[in-house]
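Q: Quick one, target_35.tsv (TSV, C-alpha atoms):
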```
chain	number	residue	atom	x	y	z
S	129	MET	CA	3.58	-10.27	-8.70
S	130	PRO	CA	3.89	-6.58	-7.72
S	131	ASP	CA	5.42	-5.41	-4.47
S	132	GLY	CA	6.96	-2.19	-3.15
S	133	ALA	CA	6.92	0.83	-5.45
S	134	ALA	CA	7.65	4.54	-5.68
S	135	VAL	CA	6.85	7.53	-7.86
S	136	ILE	CA	9.71	9.58	-9.30
S	137	PRO	CA	9.18	12.93	-11.11
S	138	LEU	CA	10.76	13.26	-14.57
S	139	GLY	CA	11.84	16.58	-16.05
S	140	ASP	CA	10.01	19.89	-15.72
S	141	ASP	CA	6.86	19.06	-17.69
S	142	GLY	CA	5.01	17.35	-14.84
S	143	GLY	CA	5.56	13.81	-16.04
S	144	TYR	CA	6.54	10.99	-13.71
S	145	VAL	CA	7.17	7.26	-13.49
S	146	TYR	CA	5.60	4.69	-11.19
S	147	VAL	CA	8.42	2.23	-10.42
S	148	SER	CA	7.35	-1.20	-9.12
S	149	ASN	CA	9.18	-4.28	-7.93
S	150	SER	CA	8.32	-7.80	-9.10
S	151	GLU	CA	8.60	-10.29	-6.24
S	152	VAL	CA	9.08	-13.40	-8.38
S	153	PRO	CA	11.64	-15.99	-7.21
S	154	GLY	CA	14.32	-17.87	-9.12
S	155	GLY	CA	15.88	-14.99	-11.05
S	156	LYS	CA	12.56	-14.01	-12.65
S	157	GLY	CA	11.97	-10.86	-10.62
S	158	GLY	CA	12.91	-7.29	-11.45
S	159	VAL	CA	11.73	-3.68	-11.60
S	160	TYR	CA	9.24	-2.18	-14.07
S	161	GLY	CA	8.19	1.38	-14.83
S	162	ILE	CA	4.83	2.84	-15.86
S	163	TYR	CA	5.34	6.31	-17.34
S	164	PHE	CA	2.74	9.08	-16.99
S	165	ASP	CA	2.43	12.54	-18.51
S	166	ALA	CA	1.38	15.65	-16.57
S	167	GLU	CA	-2.29	14.74	-17.07
S	168	HIS	CA	-1.75	11.36	-15.36
S	169	ASP	CA	-2.20	9.44	-18.60
S	170	VAL	CA	-0.02	6.37	-19.24
S	171	ILE	CA	2.46	6.94	-22.06
S	172	ASP	CA	4.94	4.05	-21.69
S	173	TYR	CA	5.79	0.86	-19.83
S	174	LYS	CA	9.16	-0.89	-19.69
S	175	ALA	CA	11.43	-3.23	-17.72
S	176	LEU	CA	14.15	-1.40	-15.77
S	177	LEU	CA	15.82	-4.37	-14.02
S	178	GLU	CA	15.57	-8.05	-14.92
S	179	LYS	CA	16.85	-11.48	-13.84
S	180	THR	CA	16.88	-10.67	-10.14
S	181	THR	CA	15.10	-12.53	-7.32
S	182	ARG	CA	12.17	-11.59	-5.10
S	183	ASN	CA	12.46	-7.85	-5.52
S	184	CYS	CA	10.43	-6.84	-2.52
S	185	SER	CA	10.45	-3.16	-1.68
S	186	GLY	CA	13.16	-0.50	-1.59
S	187	GLY	CA	13.09	3.28	-1.71
S	188	THR	CA	14.17	6.41	-3.57
S	189	THR	CA	17.34	8.50	-3.48
S	190	PRO	CA	17.62	12.32	-3.29
S	191	TRP	CA	18.93	12.34	-6.89
S	192	GLY	CA	15.84	10.64	-8.35
S	193	THR	CA	16.77	6.97	-8.63
S	194	PHE	CA	15.16	3.87	-7.14
S	195	VAL	CA	16.80	1.28	-4.88
S	196	SER	CA	15.28	-2.19	-5.27
S	197	CYS	CA	15.83	-4.74	-2.48
S	198	GLU	CA	15.99	-8.48	-3.06
S	199	GLU	CA	14.44	-10.56	-0.28
S	200	TYR	CA	16.28	-13.86	-0.17
S	201	GLY	CA	19.36	-15.21	1.60
S	202	SER	CA	21.91	-13.63	-0.74
S	203	GLY	CA	19.79	-10.69	-1.80
S	204	GLN	CA	21.25	-7.32	-2.75
S	205	CYS	CA	20.08	-3.72	-3.14
S	206	TRP	CA	20.15	-2.48	-6.75
S	207	GLN	CA	20.19	1.14	-7.90
S	208	VAL	CA	17.93	1.75	-10.91
S	209	ASP	CA	17.56	4.97	-12.87
S	210	PRO	CA	14.14	5.21	-14.59
S	211	ASP	CA	14.94	8.46	-16.43
S	212	PRO	CA	15.37	7.63	-20.14
S	213	LYS	CA	17.61	10.70	-20.53
S	214	SER	CA	20.07	9.58	-17.84
S	215	GLU	CA	23.44	7.99	-18.61
S	216	HIS	CA	22.59	5.28	-16.05
S	217	HIS	CA	19.24	4.36	-17.60
S	218	SER	CA	19.13	0.64	-18.46
S	219	LYS	CA	22.39	0.16	-16.51
S	220	PRO	CA	21.31	-0.89	-12.98
S	221	GLU	CA	24.07	-1.67	-10.47
S	222	VAL	CA	24.39	-3.46	-7.13
S	223	THR	CA	24.97	-0.90	-4.35
S	224	LYS	CA	27.08	-1.05	-1.20
S	225	LEU	CA	23.92	-1.06	0.96
S	226	GLY	CA	23.52	-4.83	1.10
S	227	GLY	CA	27.05	-5.79	2.04
S	228	GLU	CA	27.45	-9.56	1.74
S	229	GLY	CA	23.74	-10.09	1.14
S	230	GLY	CA	20.51	-10.69	3.03
S	231	LYS	CA	16.71	-10.71	2.93
S	232	TYR	CA	16.36	-6.98	2.38
S	233	GLU	CA	13.07	-5.15	2.42
S	234	SER	CA	12.94	-1.35	2.40
S	235	VAL	CA	15.15	1.74	2.22
S	236	ALA	CA	14.80	5.23	3.71
S	237	CYS	CA	17.11	8.21	3.34
S	238	ASP	CA	18.08	11.15	5.56
S	239	ASP	CA	19.38	13.79	3.15
S	240	THR	CA	19.90	16.55	5.70
S	241	ASN	CA	23.47	16.78	4.39
S	242	PRO	CA	23.13	16.82	0.56
S	243	SER	CA	26.76	15.80	0.09
S	244	GLN	CA	26.47	12.83	2.45
S	245	PRO	CA	22.94	11.41	2.77
S	246	ILE	CA	22.43	8.53	5.20
S	247	PHE	CA	20.56	5.39	4.17
S	248	PHE	CA	18.63	2.96	6.37
S	249	VAL	CA	17.81	-0.59	5.22
S	250	THR	CA	15.44	-3.11	6.84
S	251	GLU	CA	15.74	-6.88	6.66
S	252	ASP	CA	12.73	-9.21	6.69
S	253	HIS	CA	14.19	-11.95	8.87
S	254	VAL	CA	13.77	-12.87	12.52
S	255	SER	CA	17.47	-12.27	13.15
S	256	GLY	CA	18.09	-9.69	10.45
S	257	ALA	CA	19.73	-6.35	11.19
S	258	LEU	CA	18.48	-2.82	10.55
S	259	ARG	CA	21.52	-1.12	9.02
S	260	ARG	CA	22.57	2.50	8.61
S	261	TYR	CA	24.88	3.20	5.69
S	262	THR	CA	26.86	6.43	5.37
S	263	PRO	CA	28.62	6.83	2.01
S	264	PRO	CA	31.83	8.85	1.56
S	265	GLU	CA	31.16	12.59	1.48
S	266	ALA	CA	30.88	13.98	-2.04
S	267	LYS	CA	32.58	17.19	-3.15
S	268	ASP	CA	29.23	18.62	-4.18
S	269	ASP	CA	25.80	17.00	-3.90
S	270	ALA	CA	25.76	13.22	-3.67
S	271	GLY	CA	24.66	11.23	-6.71
S	272	TRP	CA	24.67	7.83	-8.39
S	273	ASP	CA	28.28	7.02	-7.50
S	274	SER	CA	27.69	7.59	-3.77
S	275	LEU	CA	26.11	4.14	-3.47
S	276	HIS	CA	28.86	2.34	-5.38
S	277	MET	CA	32.20	3.77	-4.22
S	278	ASP	CA	34.37	2.27	-1.49
S	279	GLY	CA	34.82	3.95	1.87
S	280	GLY	CA	31.25	3.91	3.21
S	281	VAL	CA	30.46	2.99	6.82
S	282	THR	CA	27.77	0.53	7.95
S	283	ARG	CA	26.34	0.49	11.47
S	284	TYR	CA	23.58	-1.65	13.02
S	285	LEU	CA	20.65	-0.72	15.25
S	286	VAL	CA	20.85	-1.97	18.84
S	287	PHE	CA	18.20	-1.33	21.50
S	288	LEU	CA	19.80	-0.80	24.91
S	289	ASP	CA	16.59	-0.84	26.95
S	290	GLU	CA	12.96	0.24	26.54
S	291	THR	CA	13.93	3.82	25.65
S	292	ASN	CA	17.47	4.15	24.29
S	293	PHE	CA	19.37	2.82	21.28
S	294	VAL	CA	22.81	3.01	19.67
S	295	TRP	CA	24.35	2.34	16.26
S	296	SER	CA	26.93	-0.42	16.59
S	297	CYS	CA	29.68	-1.69	14.29
S	298	ASP	CA	28.95	-5.21	15.57
S	299	GLU	CA	26.65	-6.93	13.05
S	300	ALA	CA	26.11	-9.94	15.33
S	301	LEU	CA	24.91	-7.61	18.10
S	302	GLY	CA	22.58	-5.90	15.64
S	303	ARG	CA	21.10	-9.26	14.65
S	304	TRP	CA	20.66	-10.23	18.28
S	305	SER	CA	18.86	-6.94	18.95
S	306	GLN	CA	16.47	-7.41	16.02
S	307	GLU	CA	15.68	-10.99	16.99
S	308	ARG	CA	14.86	-9.91	20.53
S	309	HIS	CA	13.13	-6.57	19.97
S	310	TYR	CA	11.91	-6.05	16.37
S	311	PRO	CA	11.99	-9.22	14.22
S	312	ASN	CA	10.97	-9.34	10.56
S	313	LEU	CA	11.12	-5.67	9.66
S	314	GLU	CA	9.18	-4.33	6.70
S	315	GLY	CA	8.60	-0.69	5.69
S	316	ILE	CA	10.73	2.25	6.81
S	317	ASN	CA	10.40	6.03	6.48
S	318	TYR	CA	12.43	9.09	7.51
S	319	GLN	CA	11.12	12.58	8.26
S	320	ASP	CA	12.48	15.51	10.30
S	321	GLY	CA	15.03	13.62	12.35
S	322	LYS	CA	12.81	10.64	13.06
S	323	LEU	CA	12.93	7.14	11.62
S	324	TYR	CA	9.73	5.07	11.39
S	325	PHE	CA	9.62	1.32	10.74
S	326	VAL	CA	7.35	-1.67	11.41
S	327	SER	CA	7.75	-5.27	12.57
S	328	LYS	CA	5.22	-7.55	10.91
S	329	LYS	CA	5.89	-10.34	13.40
S	330	LEU	CA	5.15	-8.22	16.49
S	331	PHE	CA	2.58	-5.87	14.84
S	332	GLN	CA	4.58	-2.91	16.11
S	333	ILE	CA	5.50	0.50	14.73
S	334	TYR	CA	8.71	2.08	16.05
S	335	VAL	CA	9.76	5.73	16.02
S	336	LEU	CA	13.44	6.54	16.52
S	337	ASP	CA	14.51	10.05	17.48
S	338	LEU	CA	17.87	10.12	15.72
S	339	ASP	CA	19.11	13.19	17.61
S	340	ALA	CA	18.07	12.17	21.11
S	341	MET	CA	18.96	8.49	20.46
S	342	THR	CA	15.67	7.39	22.02
S	343	TYR	CA	12.72	5.43	20.63
S	344	GLU	CA	9.04	4.69	21.17
S	345	ALA	CA	6.98	1.67	20.10
S	346	SER	CA	3.24	1.15	19.73
S	347	SER	CA	0.99	-1.60	18.46
S	348	THR	CA	-0.73	-1.55	15.08
S	349	ARG	CA	-3.27	-3.95	16.62
S	350	ASP	CA	-4.75	-1.45	19.03
S	351	PRO	CA	-8.38	-2.47	19.81
S	352	ASP	CA	-9.60	0.76	18.19
S	353	LEU	CA	-8.26	-0.49	14.87
S	354	TYR	CA	-10.52	-3.50	14.84
S	355	LEU	CA	-13.47	-1.26	13.95
S	356	GLY	CA	-11.68	-0.65	10.65
S	357	GLU	CA	-10.89	-4.35	10.18
S	358	PHE	CA	-7.13	-3.83	10.49
S	359	GLY	CA	-5.54	-6.53	12.59
S	360	HIS	CA	-2.95	-8.15	10.36
S	361	GLN	CA	0.67	-7.63	9.43
S	362	PRO	CA	1.80	-4.05	8.70
S	363	ASP	CA	3.93	-3.81	5.58
S	364	GLN	CA	4.98	-0.71	3.63
S	365	VAL	CA	5.37	2.68	5.31
S	366	VAL	CA	4.93	5.67	2.97
S	367	ARG	CA	4.29	9.42	3.10
S	368	ASN	CA	2.56	11.58	0.50
S	369	GLY	CA	5.60	13.70	-0.33
S	370	GLU	CA	8.43	14.68	1.99
S	371	GLU	CA	6.21	16.88	4.15
S	372	GLY	CA	3.14	14.63	4.24
S	373	GLU	CA	1.25	14.86	7.52
S	374	LEU	CA	0.00	11.27	7.46
S	375	LEU	CA	2.15	8.14	7.65
S	376	TYR	CA	0.48	5.54	5.43
S	377	PHE	CA	0.99	1.79	5.74
S	378	THR	CA	-0.25	-1.26	3.86
S	379	GLU	CA	-1.52	-4.60	5.18
S	380	ASP	CA	-0.50	-8.19	4.52
S	381	GLY	CA	-3.39	-10.62	5.01
S	382	GLY	CA	-6.82	-10.39	6.58
S	383	ASP	CA	-10.39	-10.48	5.29
S	384	THR	CA	-10.25	-6.86	4.08
S	385	PRO	CA	-6.64	-5.94	3.24
S	386	GLY	CA	-6.25	-2.20	2.89
S	387	VAL	CA	-4.31	1.01	3.30
S	388	TYR	CA	-4.27	2.81	6.64
S	389	ALA	CA	-2.69	5.95	8.06
S	390	ILE	CA	-1.57	7.42	11.36
S	391	ASP	CA	-1.29	11.13	12.18
S	392	ALA	CA	1.06	13.04	14.48
S	393	GLU	CA	-1.30	12.54	17.43
S	394	GLY	CA	-1.29	8.77	17.02
S	395	ASN	CA	-4.81	8.47	15.56
S	396	TYR	CA	-5.36	5.72	12.97
S	397	TYR	CA	-7.47	6.06	9.83
S	398	ALA	CA	-8.77	3.67	7.18
S	399	ILE	CA	-8.02	4.96	3.67
S	400	VAL	CA	-8.92	1.93	1.53
S	401	GLU	CA	-10.35	-1.47	2.52
S	402	ALA	CA	-11.04	-4.23	-0.02
S	403	TYR	CA	-14.08	-6.41	0.56
S	404	GLY	CA	-14.98	-9.62	-1.24
S	405	LYS	CA	-13.69	-13.15	-1.66
S	406	LYS	CA	-11.29	-12.04	-4.39
S	407	TYR	CA	-9.21	-9.99	-1.95
S	408	ARG	CA	-9.44	-12.16	1.17
S	409	GLY	CA	-5.98	-12.94	2.53
S	410	ASP	CA	-4.32	-10.74	-0.09
S	411	GLU	CA	-1.54	-8.20	0.44
S	412	THR	CA	-1.79	-4.50	-0.35
S	413	THR	CA	1.48	-3.13	-1.65
S	414	GLY	CA	2.94	-0.78	-4.27
S	415	LEU	CA	1.69	2.25	-2.31
S	416	ALA	CA	2.87	5.54	-3.84
S	417	PHE	CA	1.57	9.03	-4.64
S	418	SER	CA	1.85	11.18	-7.75
S	419	PRO	CA	4.12	14.23	-7.40
S	420	ASP	CA	1.15	16.55	-6.91
S	421	GLY	CA	-0.33	14.20	-4.29
S	422	THR	CA	-3.68	13.82	-6.08
S	423	ARG	CA	-3.22	10.19	-7.19
S	424	MET	CA	-2.70	7.29	-4.83
S	425	PHE	CA	-1.46	4.05	-6.38
S	426	VAL	CA	-2.12	0.75	-4.58
S	427	ALA	CA	-1.49	-2.80	-5.78
S	428	PHE	CA	-2.95	-6.11	-4.67
S	429	GLN	CA	-0.34	-8.82	-4.93
S	430	ASP	CA	-2.63	-11.75	-5.73
S	431	CYS	CA	-5.86	-10.07	-6.88
S	432	GLY	CA	-7.80	-13.31	-7.18
S	433	CYS	CA	-5.15	-15.41	-8.94
S	434	GLU	CA	-5.09	-17.99	-6.19
S	435	GLU	CA	-8.79	-18.53	-6.74
S	436	SER	CA	-8.81	-18.32	-10.54
S	437	GLY	CA	-5.55	-20.17	-11.17
S	438	GLU	CA	-4.19	-17.43	-13.42
S	439	ILE	CA	-0.42	-17.13	-13.68
S	440	ASP	CA	-0.07	-13.38	-14.24
S	441	CYS	CA	-1.01	-12.18	-10.75
S	442	GLY	CA	-1.48	-8.75	-9.28
S	443	CYS	CA	-3.46	-5.64	-10.07
S	444	LEU	CA	-2.77	-1.93	-9.69
S	445	TYR	CA	-5.39	0.68	-8.77
S	446	SER	CA	-5.21	4.45	-9.01
S	447	PHE	CA	-7.34	6.42	-6.52
S	448	ARG	CA	-8.18	10.12	-6.54
S	449	ARG	CA	-10.28	12.42	-4.44
S	450	ALA	CA	-13.57	13.66	-5.91
S	451	ASP	CA	-12.58	17.26	-5.06
S	452	GLY	CA	-9.22	16.94	-6.83
S	453	ARG	CA	-7.17	17.82	-3.77
S	454	SER	CA	-4.05	16.15	-2.47
S	455	PHE	CA	-4.49	13.12	-0.21
S	456	ASP	CA	-2.90	15.19	2.57
S	457	GLY	CA	-4.95	18.27	1.71
S	458	SER	CA	-7.59	19.92	3.85
S	459	THR	CA	-11.08	18.46	4.39
S	460	LEU	CA	-9.95	14.92	3.65
S	461	GLY	CA	-12.80	12.80	4.99
S	462	LEU	CA	-11.43	9.67	6.62
S	463	LYS	CA	-12.81	6.93	8.81
S	464	TYR	CA	-11.33	7.38	12.27
S	465	HIS	CA	-10.95	4.18	14.28
S	466	SER	CA	-12.88	5.16	17.38
S	467	GLY	CA	-16.16	4.49	15.66
S	468	GLU	CA	-16.56	8.16	14.83
S	469	GLU	CA	-16.07	10.15	11.65
S	470	ARG	CA	-13.19	12.64	11.72
S	471	ARG	CA	-12.15	15.12	9.05
S	472	LEU	CA	-8.67	16.56	8.52
```
Would you mind giving the structure from this file in structure tokens?
A:
Amino acid sequence: MPDGAAVIPLGDDGGYVYVSNSEVPGGKGGVYGIYFDAEHDVIDYKALLEKTTRNCSGGTTPWGTFVSCEEYGSGQCWQVDPDPKSEHHSKPEVTKLGGEGGKYESVACDDTNPSQPIFFVTEDHVSGALRRYTPPEAKDDAGWDSLHMDGGVTRYLVFLDETNFVWSCDEALGRWSQERHYPNLEGINYQDGKLYFVSKKLFQIYVLDLDAMTYEASSTRDPDLYLGEFGHQPDQVVRNGEEGELLYFTEDGGDTPGVYAIDAEGNYYAIVEAYGKKYRGDETTGLAFSPDGTRMFVAFQDCGCEESGEIDCGCLYSFRRADGRSFDGSTLGLKYHSGEERRL
């Protein structure tokens, strides 16, 4: 049962690995890697983390590892290194991100300071707490050990009113704030001083200005979106590379689960929509892009198993543009949700 994923470049030859979580309960979850060469051909597949529970989503680190989040009461955030040449390969470790445990979902990183990157973790629970973790400052660039050494500081997001927020050391206050303002958080993304995340319960996307300490919120169920069939729970939040112009998000449920995007002006676009009984009520997940931006990977968590009765559920699709350009490249023809056609 696939869930959140990421793509991590390997070496200088153009190869990369698609790292995917397995959201299976009861200690049967984990993380798996599909390895590609520079021509986007599959060359290997292997387990990277096993015997964990409900590995939901996570995120990447500036040093090229993957953080996998467990989504259950005592869940933790594991650091996994998919590089076969690394000393940490096949030696995943629990990080300091999860504290005493929780129903963790996704991870984003602000690496403005290479020696002390800041991590943000969402929790998929009504009264969870969005946490900010600052590790001890490294002598040089941060690395594997930054997420495992003592001395880090955890703070919790608290909305003060309809505009302003603070980071508090009071976890109970952070949980109260999430329950009241942004319950059941899913995907999260950082870019240029702003933090983006979504609440699946309220169908809201939030944008925090980390410098001004202000925020904005808008609905993912805007009436314009209905023309593109989107009206269900937002899930992952992903960009095509660090400088991607579009913020992509996946959908949990609905008659035509898909992948959608929003641009800097707040316009929504349909990228992929799945039609047919096989996909009805399914969840799109595992959204990630190849390093050159020309391949978009999307998984369907059920992919007809509920109907067929098969045990091995889930399917992964690879999409590419006919012109070979990046998914954020020029002349990308997308369906704009005002009933018109708009090109980027």
Q: May I have the protein, DNA and RNA residues with an atom at most 8 Å from (3.7, 11.4, 9.9), counting only C-alpha atoms in the file's coordinates, returned as a list in words?
A: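 Result, sorted by chain then residue number: Gln319, Arg367, Gly372, Glu373, Leu374, Leu375, Ile390, Asp391 and Ala392 of chain S.
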Q: Could you give me, as JSON, numbers by chain, the residues that sit within 12 Å of (7.3, 11.8, -23.8) in the file's coordinates, counting only C-alpha atoms?
A: {"S": [138, 139, 140, 141, 142, 143, 144, 145, 163, 164, 165, 166, 169, 170, 171, 172, 173, 211, 212, 213]}
Q: Leaving out range 376-386 of chain S and any residue of its chain fewer than 3 positions from it, which residues lie within 9 Å of it when counting all atoms listed in the file, given as a PyMOL selection string?
A: chain S and resi 315+328+357-368+389-391+398-405+407-415+426+428
Q: Between CA of Phe417 in chain S and CA of Glu370 in chain S, what distance in Å does the model show, to one decimal?
A: 11.1 Å
Q: Can you pull out every residue within 7 Å of Tyr284 in chain S, counting all atoms listed in the file, but drop anything in the same chain fewer than 4 positions away, and send it as an NGL selection string?
A: :S and (257-260 or 295-299 or 302)
Q: Could you turn the residues from that selection into a file that holds C-alpha atoms, as a compact mmCIF listing (two decimals), in the frame of the given file?
A:
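File part.txt, as written:
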```txt
# COMPACT_ATOMS: atom_id res chain seq x y z
CA ALA S 257 19.73 -6.35 11.19
CA LEU S 258 18.48 -2.82 10.55
CA ARG S 259 21.52 -1.12 9.02
CA ARG S 260 22.57 2.50 8.61
CA TRP S 295 24.35 2.34 16.26
CA SER S 296 26.93 -0.42 16.59
CA CYS S 297 29.68 -1.69 14.29
CA ASP S 298 28.95 -5.21 15.57
CA GLU S 299 26.65 -6.93 13.05
CA GLY S 302 22.58 -5.90 15.64
```
Q: What is the CA of Phe293 in chain S to CA of Tyr343 in chain S distance in Å?
A: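 Going from CA of Phe293 in chain S over to CA of Tyr343 in chain S, I get 7.2 Å.
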Q: Using CA of Asp320 in chain S and CA of Ala133 in chain S as the two end points, give the distance in Å to one decimal.
A: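 Taking CA of Asp320 in chain S and CA of Ala133 in chain S, their separation equals 22.2 Å.
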Q: Can you check which parts of range 267-360 of chain S lie within 9 Å of range 176-190 of chain S? Per residue, the shortest pair of atoms and distance in Å to one decimal, counting all atoms listed in the file, sorted by chain and number, as JSON lines.
A:
```
{"residue": "S:Ala270", "atom": "CA", "partner": "S:Pro190", "partner_atom": "CA", "distance": 8.2}
{"residue": "S:Gly271", "atom": "CA", "partner": "S:Pro190", "partner_atom": "CA", "distance": 7.9}
{"residue": "S:Trp272", "atom": "CA", "partner": "S:Thr189", "partner_atom": "CA", "distance": 8.8}
{"residue": "S:Glu314", "atom": "CA", "partner": "S:Ser185", "partner_atom": "CA", "distance": 8.6}
{"residue": "S:Gly315", "atom": "CA", "partner": "S:Ser185", "partner_atom": "CA", "distance": 8.0}
{"residue": "S:Ile316", "atom": "CA", "partner": "S:Gly187", "partner_atom": "CA", "distance": 8.9}
```
Q: Within 7 Å of range 287-292 of chain S, counting only C-alpha atoms, which residues qualify if same-chain residues fewer than 3 places away don't, as a PyMOL selection string?
A: chain S and resi 305+341-344
Q: Draw an axis-aligned box tight on the listed atoms of range 299-314 of chain S, then pad every side by 5 Å and write out centre and edge lengths in Å to one decimal as AutoDock Vina command-line options.
A:
```
--center_x 17.9 --center_y -7.7 --center_z 13.6 --size_x 27.5 --size_y 16.7 --size_z 23.8
```
Q: When distances are computed from all atoms listed in the file, which of S:Gly279, S:Gly154, S:Gly132, S:Gly230 shows the smallest separation from Ser202 in chain S?
A: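 Under the stated criterion, the closest residue is S:Gly230.
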Q: Report as a count of residues only all protein, DNA and RNA residues lying within 10 Å of Arg423 in chain S, evaluated on all atoms listed in the file, omitting residues in the same chain fewer than 3 positions from it.
A: 17
Q: May I have the residues within 7 Å of Tyr146 in chain S as a list in words, using all atoms listed in the file and disregarding those fewer than 2 positions away in the same chain?
A: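 Surrounding residues, per the criterion: Ala134, Val135, Ile136, Tyr144, Ser148, Gly161, Ile162 and Tyr163 of chain S.
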Q: Would you mind telling me which residue in S:Glu198, S:Phe425, S:Tyr397, S:Ala450 lies nearest to Val147 in chain S when using all atoms listed in the file?
A: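 The closest residue to Val147 in chain S is S:Phe425.
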Q: Out of S:Tyr160, S:Tyr334, S:Trp304, S:Trp191, which residue has the shortest atom-to-atom distance to Ser218 in chain S when counting all atoms listed in the file?
A: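 Closest to Ser218 in chain S, using all atoms listed in the file: S:Tyr160.
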Q: Choose the residue, out of S:Gly321, S:Gly201, S:Gly256, S:Pro130, that has the smallest atom-to-atom separation from Thr240 in chain S; count all atoms listed in the file.
A: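 When distances to Thr240 in chain S are compared using all atoms listed in the file, the smallest one comes from S:Gly321.
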Q: Between S:Leu444, S:Leu323, S:Val335, S:Val195, which one has atoms that come closest to Ser347 in chain S, using all atoms listed in the file?
A: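 When distances to Ser347 in chain S are compared using all atoms listed in the file, the smallest one comes from S:Val335.
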Q: In terms of the shortest atom-to-atom distance over only C-alpha atoms, which of S:Gln429, S:Ser234, S:Gln204, S:Thr250 is closest to Ser150 in chain S?
A: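 Among the listed residues, the smallest separation from Ser150 in chain S belongs to S:Gln429.
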